[in-house]
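**Student:** Contents are PDB, C-alpha atoms; file name my_file-v7.pdb:
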```pdb
ATOM      1  CA  MET A   1     -79.668  43.272  30.426
ATOM      2  CA  ASN A   2     -76.502  41.284  31.213
ATOM      3  CA  THR A   3     -74.463  43.956  32.871
ATOM      4  CA  GLY A   4     -75.135  46.035  35.953
ATOM      5  CA  LEU A   5     -76.268  49.515  35.194
ATOM      6  CA  ARG A   6     -74.190  52.210  36.758
ATOM      7  CA  ILE A   7     -74.969  55.702  37.872
ATOM      8  CA  THR A   8     -72.188  57.888  36.501
ATOM      9  CA  THR A   9     -71.638  61.544  35.746
ATOM     10  CA  PHE A  10     -74.594  63.646  36.869
ATOM     11  CA  ALA A  11     -75.273  66.787  34.817
ATOM     12  CA  ALA A  12     -74.136  70.176  36.125
ATOM     13  CA  ALA A  13     -76.062  71.654  39.030
ATOM     14  CA  LEU A  14     -79.239  73.559  38.367
ATOM     15  CA  ALA A  15     -81.241  74.553  41.411
ATOM     16  CA  ALA A  16     -84.640  73.405  40.294
ATOM     17  CA  THR A  17     -87.997  72.595  41.653
ATOM     18  CA  PHE A  18     -88.729  68.922  41.165
ATOM     19  CA  GLY A  19     -91.715  66.680  40.788
ATOM     20  CA  ALA A  20     -91.238  63.003  40.176
ATOM     21  CA  ALA A  21     -93.761  61.157  38.165
ATOM     22  CA  TYR A  22     -93.614  58.222  35.850
ATOM     23  CA  GLY A  23     -96.296  56.637  33.931
ATOM     24  CA  VAL A  24     -98.405  55.394  31.118
ATOM     25  CA  GLY A  25    -102.187  55.188  30.744
ATOM     26  CA  GLN A  26    -104.548  56.733  33.273
ATOM     27  CA  GLY A  27    -103.146  54.993  36.331
ATOM     28  CA  VAL A  28    -101.691  57.009  39.192
ATOM     29  CA  GLY A  29     -98.050  56.114  39.717
ATOM     30  CA  PRO A  30     -96.088  55.511  42.888
ATOM     31  CA  VAL A  31     -95.701  58.271  45.351
ATOM     32  CA  VAL A  32     -93.405  58.202  48.331
ATOM     33  CA  ALA A  33     -95.009  60.079  51.189
ATOM     34  CA  ASP A  34     -97.325  60.104  54.157
ATOM     35  CA  SER A  35     -99.963  57.583  53.036
ATOM     36  CA  PRO A  36     -98.698  55.844  49.904
ATOM     37  CA  PRO A  37    -101.393  54.627  47.454
ATOM     38  CA  LYS A  38    -101.080  51.374  45.562
ATOM     39  CA  HIS A  39     -99.222  51.111  42.266
ATOM     40  CA  GLU A  40    -100.654  49.830  39.065
ATOM     41  CA  GLU A  41     -98.822  47.923  36.370
ATOM     42  CA  GLU A  42     -96.547  50.220  34.304
ATOM     43  CA  HIS A  43     -93.040  51.675  34.432
ATOM     44  CA  THR A  44     -89.642  51.971  32.731
ATOM     45  CA  ARG A  45     -87.167  50.666  30.263
ATOM     46  CA  PRO A  46     -83.433  50.110  29.922
ATOM     47  CA  ALA A  47     -81.181  52.967  28.958
ATOM     48  CA  PRO A  48     -79.962  53.276  25.406
ATOM     49  CA  GLU A  49     -76.181  53.164  25.391
ATOM     50  CA  LYS A  50     -75.401  56.005  23.035
ATOM     51  CA  ALA A  51     -77.947  58.639  23.946
ATOM     52  CA  ARG A  52     -76.979  62.005  25.290
ATOM     53  CA  GLY A  53     -78.854  63.520  28.187
ATOM     54  CA  SER A  54     -80.526  60.276  29.186
ATOM     55  CA  GLY A  55     -81.663  59.880  32.741
ATOM     56  CA  HIS A  56     -81.048  56.140  32.561
ATOM     57  CA  ALA A  57     -77.787  54.480  33.374
ATOM     58  CA  GLY A  58     -76.466  52.070  30.766
ATOM     59  CA  HIS A  59     -73.382  50.336  29.420
ATOM     60  CA  ASP A  60     -71.921  53.649  28.243
ATOM     61  CA  THR A  61     -73.612  55.751  30.855
ATOM     62  CA  PRO A  62     -74.805  59.158  29.637
ATOM     63  CA  PRO A  63     -75.096  62.204  31.893
ATOM     64  CA  ALA A  64     -78.063  62.510  34.202
ATOM     65  CA  GLY A  65     -81.090  64.055  32.573
ATOM     66  CA  GLY A  66     -83.906  66.337  33.551
ATOM     67  CA  LEU A  67     -81.889  69.469  34.210
ATOM     68  CA  GLN A  68     -82.846  71.123  30.918
ATOM     69  CA  VAL A  69     -86.182  71.859  29.305
ATOM     70  CA  SER A  70     -84.613  71.623  25.821
ATOM     71  CA  GLU A  71     -81.931  69.281  24.514
ATOM     72  CA  GLY A  72     -81.016  67.510  21.294
ATOM     73  CA  GLY A  73     -83.512  69.544  19.303
ATOM     74  CA  TYR A  74     -86.458  68.649  21.541
ATOM     75  CA  THR A  75     -88.342  70.758  24.079
ATOM     76  CA  LEU A  76     -90.715  69.845  26.896
ATOM     77  CA  ASP A  77     -93.752  72.142  26.646
ATOM     78  CA  LEU A  78     -95.522  71.852  30.009
ATOM     79  CA  ARG A  79     -99.076  73.099  29.492
ATOM     80  CA  THR A  80     -99.940  72.831  33.203
ATOM     81  CA  PRO A  81     -97.191  74.711  35.074
ATOM     82  CA  ARG A  82     -99.329  75.180  38.210
ATOM     83  CA  VAL A  83    -101.793  73.027  40.147
ATOM     84  CA  THR A  84    -103.497  73.340  43.546
ATOM     85  CA  ALA A  85    -102.112  71.175  46.329
ATOM     86  CA  GLY A  86    -104.524  68.482  47.493
ATOM     87  CA  LYS A  87    -106.760  68.756  44.427
ATOM     88  CA  ARG A  88    -106.834  66.393  41.482
ATOM     89  CA  ALA A  89    -105.898  68.025  38.178
ATOM     90  CA  ASP A  90    -104.972  66.990  34.649
ATOM     91  CA  LEU A  91    -101.278  67.445  33.954
ATOM     92  CA  ARG A  92    -100.821  68.166  30.242
ATOM     93  CA  PHE A  93     -97.649  68.518  28.190
ATOM     94  CA  THR A  94     -96.223  68.184  24.685
ATOM     95  CA  VAL A  95     -92.773  67.283  23.393
ATOM     96  CA  ARG A  96     -91.813  69.523  20.466
ATOM     97  CA  ASP A  97     -89.101  69.102  17.854
ATOM     98  CA  ALA A  98     -86.681  71.755  16.587
ATOM     99  CA  ASP A  99     -89.368  73.144  14.261
ATOM    100  CA  GLY A 100     -91.889  73.505  17.071
ATOM    101  CA  ARG A 101     -94.019  70.582  15.916
ATOM    102  CA  ALA A 102     -95.526  68.182  18.433
ATOM    103  CA  VAL A 103     -93.785  64.796  18.448
ATOM    104  CA  THR A 104     -96.260  61.983  17.737
ATOM    105  CA  ALA A 105     -93.910  59.033  17.118
ATOM    106  CA  TYR A 106     -91.872  57.417  19.881
ATOM    107  CA  GLN A 107     -89.870  54.262  20.314
ATOM    108  CA  ARG A 108     -91.435  51.861  22.790
ATOM    109  CA  GLU A 109     -89.065  50.881  25.570
ATOM    110  CA  HIS A 110     -90.210  48.567  28.323
ATOM    111  CA  ASP A 111     -93.668  48.637  26.757
ATOM    112  CA  LYS A 112     -94.018  52.413  26.993
ATOM    113  CA  GLU A 113     -93.484  55.358  24.659
ATOM    114  CA  LEU A 114     -92.776  57.867  27.411
ATOM    115  CA  HIS A 115     -92.142  57.701  31.134
ATOM    116  CA  LEU A 116     -92.996  60.578  33.441
ATOM    117  CA  ILE A 117     -91.615  61.290  36.916
ATOM    118  CA  VAL A 118     -92.731  63.986  39.361
ATOM    119  CA  ALA A 119     -90.952  64.789  42.638
ATOM    120  CA  SER A 120     -90.910  67.593  45.132
ATOM    121  CA  ARG A 121     -87.857  69.776  45.542
ATOM    122  CA  ASP A 122     -87.326  68.449  49.064
ATOM    123  CA  LEU A 123     -87.390  64.877  47.656
ATOM    124  CA  VAL A 124     -90.108  63.825  50.076
ATOM    125  CA  THR A 125     -92.906  63.408  47.523
ATOM    126  CA  TYR A 126     -92.212  61.091  44.594
ATOM    127  CA  ARG A 127     -94.540  59.673  41.986
ATOM    128  CA  HIS A 128     -94.679  57.594  38.869
ATOM    129  CA  LEU A 129     -97.502  58.634  36.571
ATOM    130  CA  HIS A 130     -98.671  57.025  33.374
ATOM    131  CA  PRO A 131     -99.754  59.595  30.775
ATOM    132  CA  THR A 132    -101.714  58.894  27.620
ATOM    133  CA  ARG A 133    -100.984  60.532  24.267
ATOM    134  CA  ALA A 134    -103.635  62.084  22.041
ATOM    135  CA  ALA A 135    -103.344  61.981  18.247
ATOM    136  CA  ASP A 136    -102.077  65.584  18.187
ATOM    137  CA  GLY A 137     -99.130  64.667  20.450
ATOM    138  CA  THR A 138    -100.550  66.070  23.702
ATOM    139  CA  TRP A 139     -99.851  63.912  26.759
ATOM    140  CA  SER A 140    -102.092  63.995  29.833
ATOM    141  CA  THR A 141    -102.384  62.268  33.204
ATOM    142  CA  PRO A 142    -104.269  62.968  36.417
ATOM    143  CA  VAL A 143    -102.144  64.203  39.312
ATOM    144  CA  ASP A 144    -102.891  64.998  42.947
ATOM    145  CA  LEU A 145     -99.971  66.530  44.814
ATOM    146  CA  PRO A 146    -100.317  66.510  48.620
ATOM    147  CA  ARG A 147     -98.364  69.618  49.599
ATOM    148  CA  ALA A 148     -97.773  73.112  48.287
ATOM    149  CA  GLY A 149     -94.342  73.926  46.940
ATOM    150  CA  GLY A 150     -92.010  73.378  44.028
ATOM    151  CA  TYR A 151     -91.879  70.189  41.980
ATOM    152  CA  ARG A 152     -90.028  69.048  38.893
ATOM    153  CA  VAL A 153     -91.501  67.063  36.025
ATOM    154  CA  PHE A 154     -89.314  64.658  34.018
ATOM    155  CA  ALA A 155     -90.284  63.297  30.603
ATOM    156  CA  ASP A 156     -88.124  60.297  29.679
ATOM    157  CA  PHE A 157     -88.452  59.152  26.054
ATOM    158  CA  THR A 158     -86.774  58.222  22.768
ATOM    159  CA  PRO A 159     -88.155  59.759  19.542
ATOM    160  CA  ASP A 160     -88.979  57.286  16.783
ATOM    161  CA  LYS A 161     -86.353  58.707  14.486
ATOM    162  CA  LYS A 162     -83.205  57.245  12.965
ATOM    163  CA  ASN A 163     -80.207  57.519  15.293
ATOM    164  CA  ALA A 164     -82.357  59.177  17.945
ATOM    165  CA  GLY A 165     -81.147  58.733  21.516
ATOM    166  CA  ASN A 166     -82.947  58.621  24.820
ATOM    167  CA  LEU A 167     -83.670  62.005  26.405
ATOM    168  CA  THR A 168     -84.903  63.134  29.787
ATOM    169  CA  LEU A 169     -86.267  66.683  29.744
ATOM    170  CA  GLY A 170     -87.348  68.529  32.876
ATOM    171  CA  ALA A 171     -89.666  71.425  33.685
ATOM    172  CA  ASP A 172     -90.760  73.170  36.876
ATOM    173  CA  LEU A 173     -94.217  72.623  38.350
ATOM    174  CA  ALA A 174     -95.740  74.622  41.221
ATOM    175  CA  ALA A 175     -98.417  73.432  43.636
ATOM    176  CA  SER A 176    -100.196  76.394  45.218
ATOM    177  CA  GLY A 177    -101.375  76.520  48.824
ATOM    178  CA  PRO A 178     -99.944  77.039  52.325
ATOM    179  CA  TYR A 179     -96.281  76.075  52.155
ATOM    180  CA  GLN A 180     -94.103  74.541  54.829
ATOM    181  CA  ALA A 181     -90.519  73.530  54.039
ATOM    182  CA  ARG A 182     -89.422  70.019  54.978
ATOM    183  CA  GLN A 183     -85.934  68.660  55.436
ATOM    184  CA  LEU A 184     -84.452  65.756  53.529
ATOM    185  CA  PRO A 185     -85.337  62.550  55.420
ATOM    186  CA  GLN A 186     -82.497  61.194  57.545
ATOM    187  CA  GLU A 187     -80.288  58.356  56.396
ATOM    188  CA  SER A 188     -81.312  54.851  57.410
ATOM    189  CA  ALA A 189     -80.359  51.369  56.202
ATOM    190  CA  THR A 190     -83.904  50.069  56.723
ATOM    191  CA  THR A 191     -87.217  51.450  55.547
ATOM    192  CA  ARG A 192     -90.817  50.220  55.655
ATOM    193  CA  VAL A 193     -93.537  50.583  53.064
ATOM    194  CA  ASP A 194     -96.949  48.915  52.703
ATOM    195  CA  GLY A 195     -96.116  46.281  55.309
ATOM    196  CA  TYR A 196     -92.746  45.396  53.752
ATOM    197  CA  GLU A 197     -89.303  46.016  55.208
ATOM    198  CA  VAL A 198     -86.511  46.866  52.764
ATOM    199  CA  ARG A 199     -82.883  46.876  53.884
ATOM    200  CA  LEU A 200     -80.102  48.627  51.987
ATOM    201  CA  SER A 201     -76.491  47.424  52.136
ATOM    202  CA  GLY A 202     -73.406  48.676  50.339
ATOM    203  CA  ALA A 203     -72.194  52.229  49.933
ATOM    204  CA  LEU A 204     -72.531  54.967  47.346
ATOM    205  CA  ARG A 205     -69.087  56.475  46.737
ATOM    206  CA  PRO A 206     -68.097  59.391  44.498
ATOM    207  CA  GLY A 207     -66.085  58.352  41.448
ATOM    208  CA  LYS A 208     -66.027  54.672  42.342
ATOM    209  CA  ALA A 209     -68.453  51.952  41.279
ATOM    210  CA  GLY A 210     -69.989  49.930  44.057
ATOM    211  CA  GLU A 211     -72.800  47.464  44.577
ATOM    212  CA  LEU A 212     -76.021  48.433  46.310
ATOM    213  CA  LYS A 213     -78.148  45.535  47.542
ATOM    214  CA  LEU A 214     -81.730  45.849  48.663
ATOM    215  CA  LYS A 215     -83.412  42.991  50.525
ATOM    216  CA  VAL A 216     -87.196  42.785  50.766
ATOM    217  CA  SER A 217     -88.921  41.027  53.668
ATOM    218  CA  ARG A 218     -92.384  40.870  55.197
ATOM    219  CA  ASP A 219     -93.443  39.744  58.671
ATOM    220  CA  GLY A 220     -89.810  39.033  59.431
ATOM    221  CA  LYS A 221     -89.385  36.618  56.508
ATOM    222  CA  PRO A 222     -87.491  37.213  53.224
ATOM    223  CA  VAL A 223     -89.691  37.683  50.162
ATOM    224  CA  THR A 224     -88.395  35.130  47.655
ATOM    225  CA  ASP A 225     -91.064  35.439  44.966
ATOM    226  CA  LEU A 226     -90.705  39.001  43.666
ATOM    227  CA  GLN A 227     -92.367  39.466  40.273
ATOM    228  CA  PRO A 228     -91.003  41.150  37.127
ATOM    229  CA  TYR A 229     -92.180  44.706  36.705
ATOM    230  CA  LEU A 230     -91.921  45.903  33.108
ATOM    231  CA  GLY A 231     -89.003  43.592  32.413
ATOM    232  CA  ALA A 232     -87.058  43.761  35.692
ATOM    233  CA  TYR A 233     -87.363  42.674  39.307
ATOM    234  CA  GLY A 234     -86.615  46.161  40.527
ATOM    235  CA  HIS A 235     -86.160  49.728  39.301
ATOM    236  CA  LEU A 236     -84.093  52.368  41.042
ATOM    237  CA  VAL A 237     -84.345  56.126  40.559
ATOM    238  CA  ALA A 238     -81.619  58.292  42.097
ATOM    239  CA  LEU A 239     -82.071  62.030  42.671
ATOM    240  CA  ARG A 240     -79.250  64.216  43.885
ATOM    241  CA  SER A 241     -80.200  66.666  46.607
ATOM    242  CA  GLY A 242     -79.762  70.254  45.475
ATOM    243  CA  ASP A 243     -80.026  70.123  41.691
ATOM    244  CA  LEU A 244     -82.406  67.137  41.484
ATOM    245  CA  ALA A 245     -80.427  65.486  38.700
ATOM    246  CA  TYR A 246     -82.325  62.380  37.589
ATOM    247  CA  LEU A 247     -80.995  58.888  36.935
ATOM    248  CA  HIS A 248     -82.886  55.624  36.501
ATOM    249  CA  VAL A 249     -80.967  52.379  36.914
ATOM    250  CA  HIS A 250     -81.918  48.766  36.343
ATOM    251  CA  PRO A 251     -80.694  45.838  38.420
ATOM    252  CA  ASN A 252     -77.683  43.625  37.740
ATOM    253  CA  GLY A 253     -79.423  41.248  35.385
ATOM    254  CA  GLU A 254     -83.051  41.079  34.314
ATOM    255  CA  PRO A 255     -85.628  38.274  34.111
ATOM    256  CA  GLY A 256     -84.665  35.530  31.698
ATOM    257  CA  ASP A 257     -80.999  36.407  31.288
ATOM    258  CA  GLY A 258     -79.769  33.835  33.764
ATOM    259  CA  THR A 259     -78.195  36.319  36.170
ATOM    260  CA  THR A 260     -81.231  37.444  38.116
ATOM    261  CA  ARG A 261     -84.030  35.422  39.638
ATOM    262  CA  PRO A 262     -86.843  36.226  42.051
ATOM    263  CA  GLY A 263     -85.600  36.622  45.588
ATOM    264  CA  PRO A 264     -85.260  39.062  48.481
ATOM    265  CA  ASP A 265     -82.101  40.696  47.082
ATOM    266  CA  ILE A 266     -82.063  43.218  44.245
ATOM    267  CA  SER A 267     -78.576  44.348  43.236
ATOM    268  CA  PHE A 268     -77.491  47.528  41.435
ATOM    269  CA  THR A 269     -74.066  48.845  40.453
ATOM    270  CA  ALA A 270     -73.757  52.589  40.996
ATOM    271  CA  THR A 271     -71.160  55.345  40.945
ATOM    272  CA  ALA A 272     -71.843  58.706  42.566
ATOM    273  CA  PRO A 273     -70.466  61.621  40.526
ATOM    274  CA  SER A 274     -69.808  63.744  43.598
ATOM    275  CA  SER A 275     -69.956  63.856  47.363
ATOM    276  CA  GLY A 276     -73.316  64.790  48.782
ATOM    277  CA  SER A 277     -76.776  63.544  49.661
ATOM    278  CA  TYR A 278     -78.911  61.405  47.387
ATOM    279  CA  ARG A 279     -82.444  60.080  47.563
ATOM    280  CA  LEU A 280     -83.038  56.577  46.200
ATOM    281  CA  PHE A 281     -86.474  55.274  45.181
ATOM    282  CA  LEU A 282     -86.843  51.514  44.649
ATOM    283  CA  ASP A 283     -89.877  50.075  42.827
ATOM    284  CA  PHE A 284     -90.579  46.357  43.315
ATOM    285  CA  LYS A 285     -93.573  44.146  42.607
ATOM    286  CA  HIS A 286     -95.063  41.429  44.793
ATOM    287  CA  GLU A 287     -98.426  39.670  44.693
ATOM    288  CA  GLY A 288     -99.522  41.779  41.764
ATOM    289  CA  LYS A 289     -98.837  45.179  43.347
ATOM    290  CA  VAL A 290     -95.967  47.625  42.874
ATOM    291  CA  HIS A 291     -94.444  49.310  45.930
ATOM    292  CA  THR A 292     -91.906  52.109  46.296
ATOM    293  CA  ALA A 293     -89.298  52.184  49.077
ATOM    294  CA  ALA A 294     -87.236  55.336  49.613
ATOM    295  CA  PHE A 295     -83.792  55.847  51.165
ATOM    296  CA  THR A 296     -81.541  58.808  51.846
ATOM    297  CA  VAL A 297     -77.847  58.038  51.336
ATOM    298  CA  HIS A 298     -74.672  60.114  51.515
ATOM    299  CA  ALA A 299     -71.641  59.741  49.281
ATOM    300  CA  GLY A 300     -68.206  60.906  50.330
ATOM    301  CA  GLU A 301     -66.493  61.748  53.620
ATOM    302  CA  ALA A 302     -69.653  63.188  55.130
ATOM    303  CA  ALA A 303     -71.531  59.931  54.653
ATOM    304  CA  ALA A 304     -73.280  58.756  57.789
ATOM    305  CA  ALA A 305     -73.010  55.185  58.987
ATOM    306  CA  PRO A 306     -75.765  52.927  57.606
ATOM    307  CA  GLY A 307     -78.586  52.584  60.061
ATOM    308  CA  SER A 308     -78.370  56.096  61.495
ATOM    309  CA  GLY A 309     -81.360  58.379  61.397
ATOM    310  CA  THR A 310     -85.075  57.697  61.235
ATOM    311  CA  PRO A 311     -86.442  55.342  58.552
ATOM    312  CA  GLU A 312     -88.308  57.189  55.827
ATOM    313  CA  GLY A 313     -89.648  54.466  53.599
ATOM    314  CA  HIS A 314     -92.315  55.960  51.405
ATOM    315  CA  ALA A 315     -93.094  59.117  49.554
ATOM    316  CA  ASP A 316     -95.053  62.012  50.875
ATOM    317  CA  ASP A 317     -98.640  61.121  50.124
ATOM    318  CA  GLY A 318     -98.957  57.753  48.596
ATOM    319  CA  HIS A 319     -97.762  56.137  45.438
ATOM    320  CA  GLY A 320     -99.228  54.486  42.399
ATOM    321  CA  HIS A 321     -98.252  53.256  38.971
TER
END
```
Output the file's structure as structure tokens, nothing else.
**Tutor:**
Amino acid sequence: MNTGLRITTFAAALAATFGAAYGVGQGVGPVVADSPPKHEEEHTRPAPEKARGSGHAGHDTPPAGGLQVSEGGYTLDLRTPRVTAGKRADLRFTVRDADGRAVTAYQREHDKELHLIVASRDLVTYRHLHPTRAADGTWSTPVDLPRAGGYRVFADFTPDKKNAGNLTLGADLAASGPYQARQLPQESATTRVDGYEVRLSGALRPGKAGELKLKVSRDGKPVTDLQPYLGAYGHLVALRSGDLAYLHVHPNGEPGDGTTRPGPDISFTATAPSSGSYRLFLDFKHEGKVHTAAFTVHAGEAAAAPGSGTPEGHADDGHGH
């Protein structure tokens, strides 16, 4: 992709429980949390330019997705609305068309038919999961959520239909068990995950595009040999605190286009739609493994100075792809 992808207008607020997951196959996707697990190969795709409701940012950036269970004639039918915290379960769902039929044909984008994201409402737990699709259109993936509480599930896909656009549909998921609320992690310009240090520079401003740069280092030395992960050297998911609006952005340039090459810096162009707090999740690949670094940022007059707060670099209980 030759142009930087920008985060623009987020959809209207909907107080919703959120669970972030993304995936394909039977692999467990990245989770940002207390003891992040390792990622496996699989992830996202670039945003179609003309789709409505897409969670991806593109040349003509659509609104953030995931705030509605139905849109554009399609509905996310979550068959597993409740799981038990700390126990492995099969998360099952179906995408249905306007006639109630299960969708069985999808466009492949970044090697995948559908991408799933699960995140907790407090934005502490974040995962990419990789579901598999049965012949009848039922998707399934194993999931193990560490803490009780509310989550939101996002299905990001494009139906294999003429003039179909990318959609991101969202549904609530509950994890039962003893519940303890947690605050949004504090803002910090540096975070650590899996032995890597990731530094964020630049600012997220409401209504104004700006560049966000993330530099990866290990043992005090810049990592200059990042590897492509499903067509890009980095993937960024932004979730707005409060309504959990979902946006997925790709870096300024992708492998092979002459504008991006492996190195410690990954650059994104982003515009915040409003003042407030945001949680950013960066996926990057090095030495054959995918890692997820998380940041809390503030847009607007209330924004704290970069570097303040305690680093919170990974999701709640581990991550995988």
**Student:** Output as JSON lines one row per residue of range 103-135 of chain A within 12 Å of range 211-235 of chain A: the closest atom pair and its distance in Å to one decimal place, counting only C-alpha atoms, sorted by chain and residue number ascending.
**Tutor:**
```
{"residue": "A:Arg108", "atom": "CA", "partner": "A:Leu230", "partner_atom": "CA", "distance": 11.9}
{"residue": "A:Glu109", "atom": "CA", "partner": "A:Leu230", "partner_atom": "CA", "distance": 9.5}
{"residue": "A:His110", "atom": "CA", "partner": "A:Leu230", "partner_atom": "CA", "distance": 5.7}
{"residue": "A:Asp111", "atom": "CA", "partner": "A:Leu230", "partner_atom": "CA", "distance": 7.1}
{"residue": "A:Lys112", "atom": "CA", "partner": "A:Leu230", "partner_atom": "CA", "distance": 9.2}
{"residue": "A:His115", "atom": "CA", "partner": "A:Leu230", "partner_atom": "CA", "distance": 12.0}
{"residue": "A:His128", "atom": "CA", "partner": "A:His235", "partner_atom": "CA", "distance": 11.6}
```
**Student:** What is the distance between CA of Ala105 in chain A and CA of Asp136 in chain A, in Å to one decimal?
**Tutor:**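 Separating CA of Ala105 in chain A from CA of Asp136 in chain A is a distance of 10.5 Å.
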**Student:** By how many Å are CA of Pro81 in chain A and CA of Tyr151 in chain A apart?
**Tutor:**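 Straight-line distance from CA of Pro81 in chain A to CA of Tyr151 in chain A works out to 9.8 Å.
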**Student:** Have a look at CA of Gln68 in chain A and CA of Ala171 in chain A and let me know their distance in Å, one decimal.
**Tutor:**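 CA of Gln68 in chain A sits 7.4 Å away from CA of Ala171 in chain A.
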**Student:** Please provide the set of residues having any atom within 9 Å of Arg88 in chain A, restricted to only C-alpha atoms, with same-chain residues fewer than 2 positions apart removed, written as a ChimeraX atom specification.
**Tutor:** /A:83-86,90,142-145
**Student:** Can you list, as a PyMOL selection string, the residues that the PyMOL selection byres ((chain A and resi 157) around 6) selects here?
**Tutor:** chain A and resi 114+156+158+166-167
**Student:** If you keep C-alpha atoms, can you produce a file of those selected residues as a PDB file, in the frame of the given file?
**Tutor:**
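Ended up saving to part_2.pdb:
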```
ATOM      1  CA  LEU A 114     -92.776  57.867  27.411  1.00  0.00           C
ATOM      2  CA  ASP A 156     -88.124  60.297  29.679  1.00  0.00           C
ATOM      3  CA  THR A 158     -86.774  58.222  22.768  1.00  0.00           C
ATOM      4  CA  ASN A 166     -82.947  58.621  24.820  1.00  0.00           C
ATOM      5  CA  LEU A 167     -83.670  62.005  26.405  1.00  0.00           C
TER       6      LEU A 167
END
```
**Student:** Pick the closest to Ala102 in chain A from A:Thr138, A:Ser188, A:Thr125, A:Ser120: which is it, counting all atoms listed in the file?
**Tutor:** A:Thr138
**Student:** Which residue out of A:Gln107, A:Leu239, A:Thr94, A:Leu282 has the minimum interatomic distance to Asn163 in chain A when all atoms listed in the file are used?
**Tutor:** A:Gln107
**Student:** Restricting the calculation to only C-alpha atoms: of A:Thr271, A:Gln186, A:Asn252, A:Thr168, which residue gets closest to Leu204 in chain A?
**Tutor:**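 For Leu204 in chain A, the nearest of the candidates is A:Thr271.
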**Student:** Excluding Gly100 in chain A and residues on its chain fewer than 3 positions from it, collect all residues at most 12 Å away from it, counting all atoms listed in the file, and give them as a list in words.
**Tutor:**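 Using all atoms listed in the file, the neighbours found are Ser70, Gly73, Tyr74, Thr75, Leu76, Asp77, Thr94, Val95, Arg96, Asp97, Val103 and Gly137 of chain A.
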**Student:** Given the choices A:Tyr126, A:Tyr179, A:Phe154, A:Tyr246, which gets closest to Asp283 in chain A if the distance is worked out from only C-alpha atoms?
**Tutor:**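 Under the stated criterion, the closest residue is A:Tyr126.
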**Student:** Here is a test: counting only C-alpha atoms, which residue of A:Ala135, A:Val198, A:Leu129, A:Ala174 is nearest to Gly150 in chain A?
**Tutor:**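 Closest to Gly150 in chain A of all the choices is A:Ala174.
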**Student:** May I have the protein, DNA and RNA residues with any atom at most 7 Å from the point (-67.3, 55.7, 41.4), counting all atoms listed in the file, written as an mmCIF file with C-alpha atoms, keeping the file's coordinate frame?
**Tutor:**
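Final output, point_3.cif:
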```
data_model
loop_
_atom_site.group_PDB
_atom_site.id
_atom_site.type_symbol
_atom_site.label_atom_id
_atom_site.label_comp_id
_atom_site.auth_asym_id
_atom_site.auth_seq_id
_atom_site.Cartn_x
_atom_site.Cartn_y
_atom_site.Cartn_z
ATOM 1 C CA ARG A 205 -69.087 56.475 46.737
ATOM 2 C CA PRO A 206 -68.097 59.391 44.498
ATOM 3 C CA GLY A 207 -66.085 58.352 41.448
ATOM 4 C CA LYS A 208 -66.027 54.672 42.342
ATOM 5 C CA ALA A 209 -68.453 51.952 41.279
ATOM 6 C CA GLY A 210 -69.989 49.930 44.057
ATOM 7 C CA THR A 271 -71.160 55.345 40.945
ATOM 8 C CA ALA A 272 -71.843 58.706 42.566
ATOM 9 C CA PRO A 273 -70.466 61.621 40.526
#
```
**Student:** With distances taken over all atoms listed in the file, which residue among A:Arg82, A:Leu169, A:Thr132, A:Asp194 lies nearest His291 in chain A?
**Tutor:**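 With all atoms listed in the file as the atom set, the closest residue is A:Asp194.
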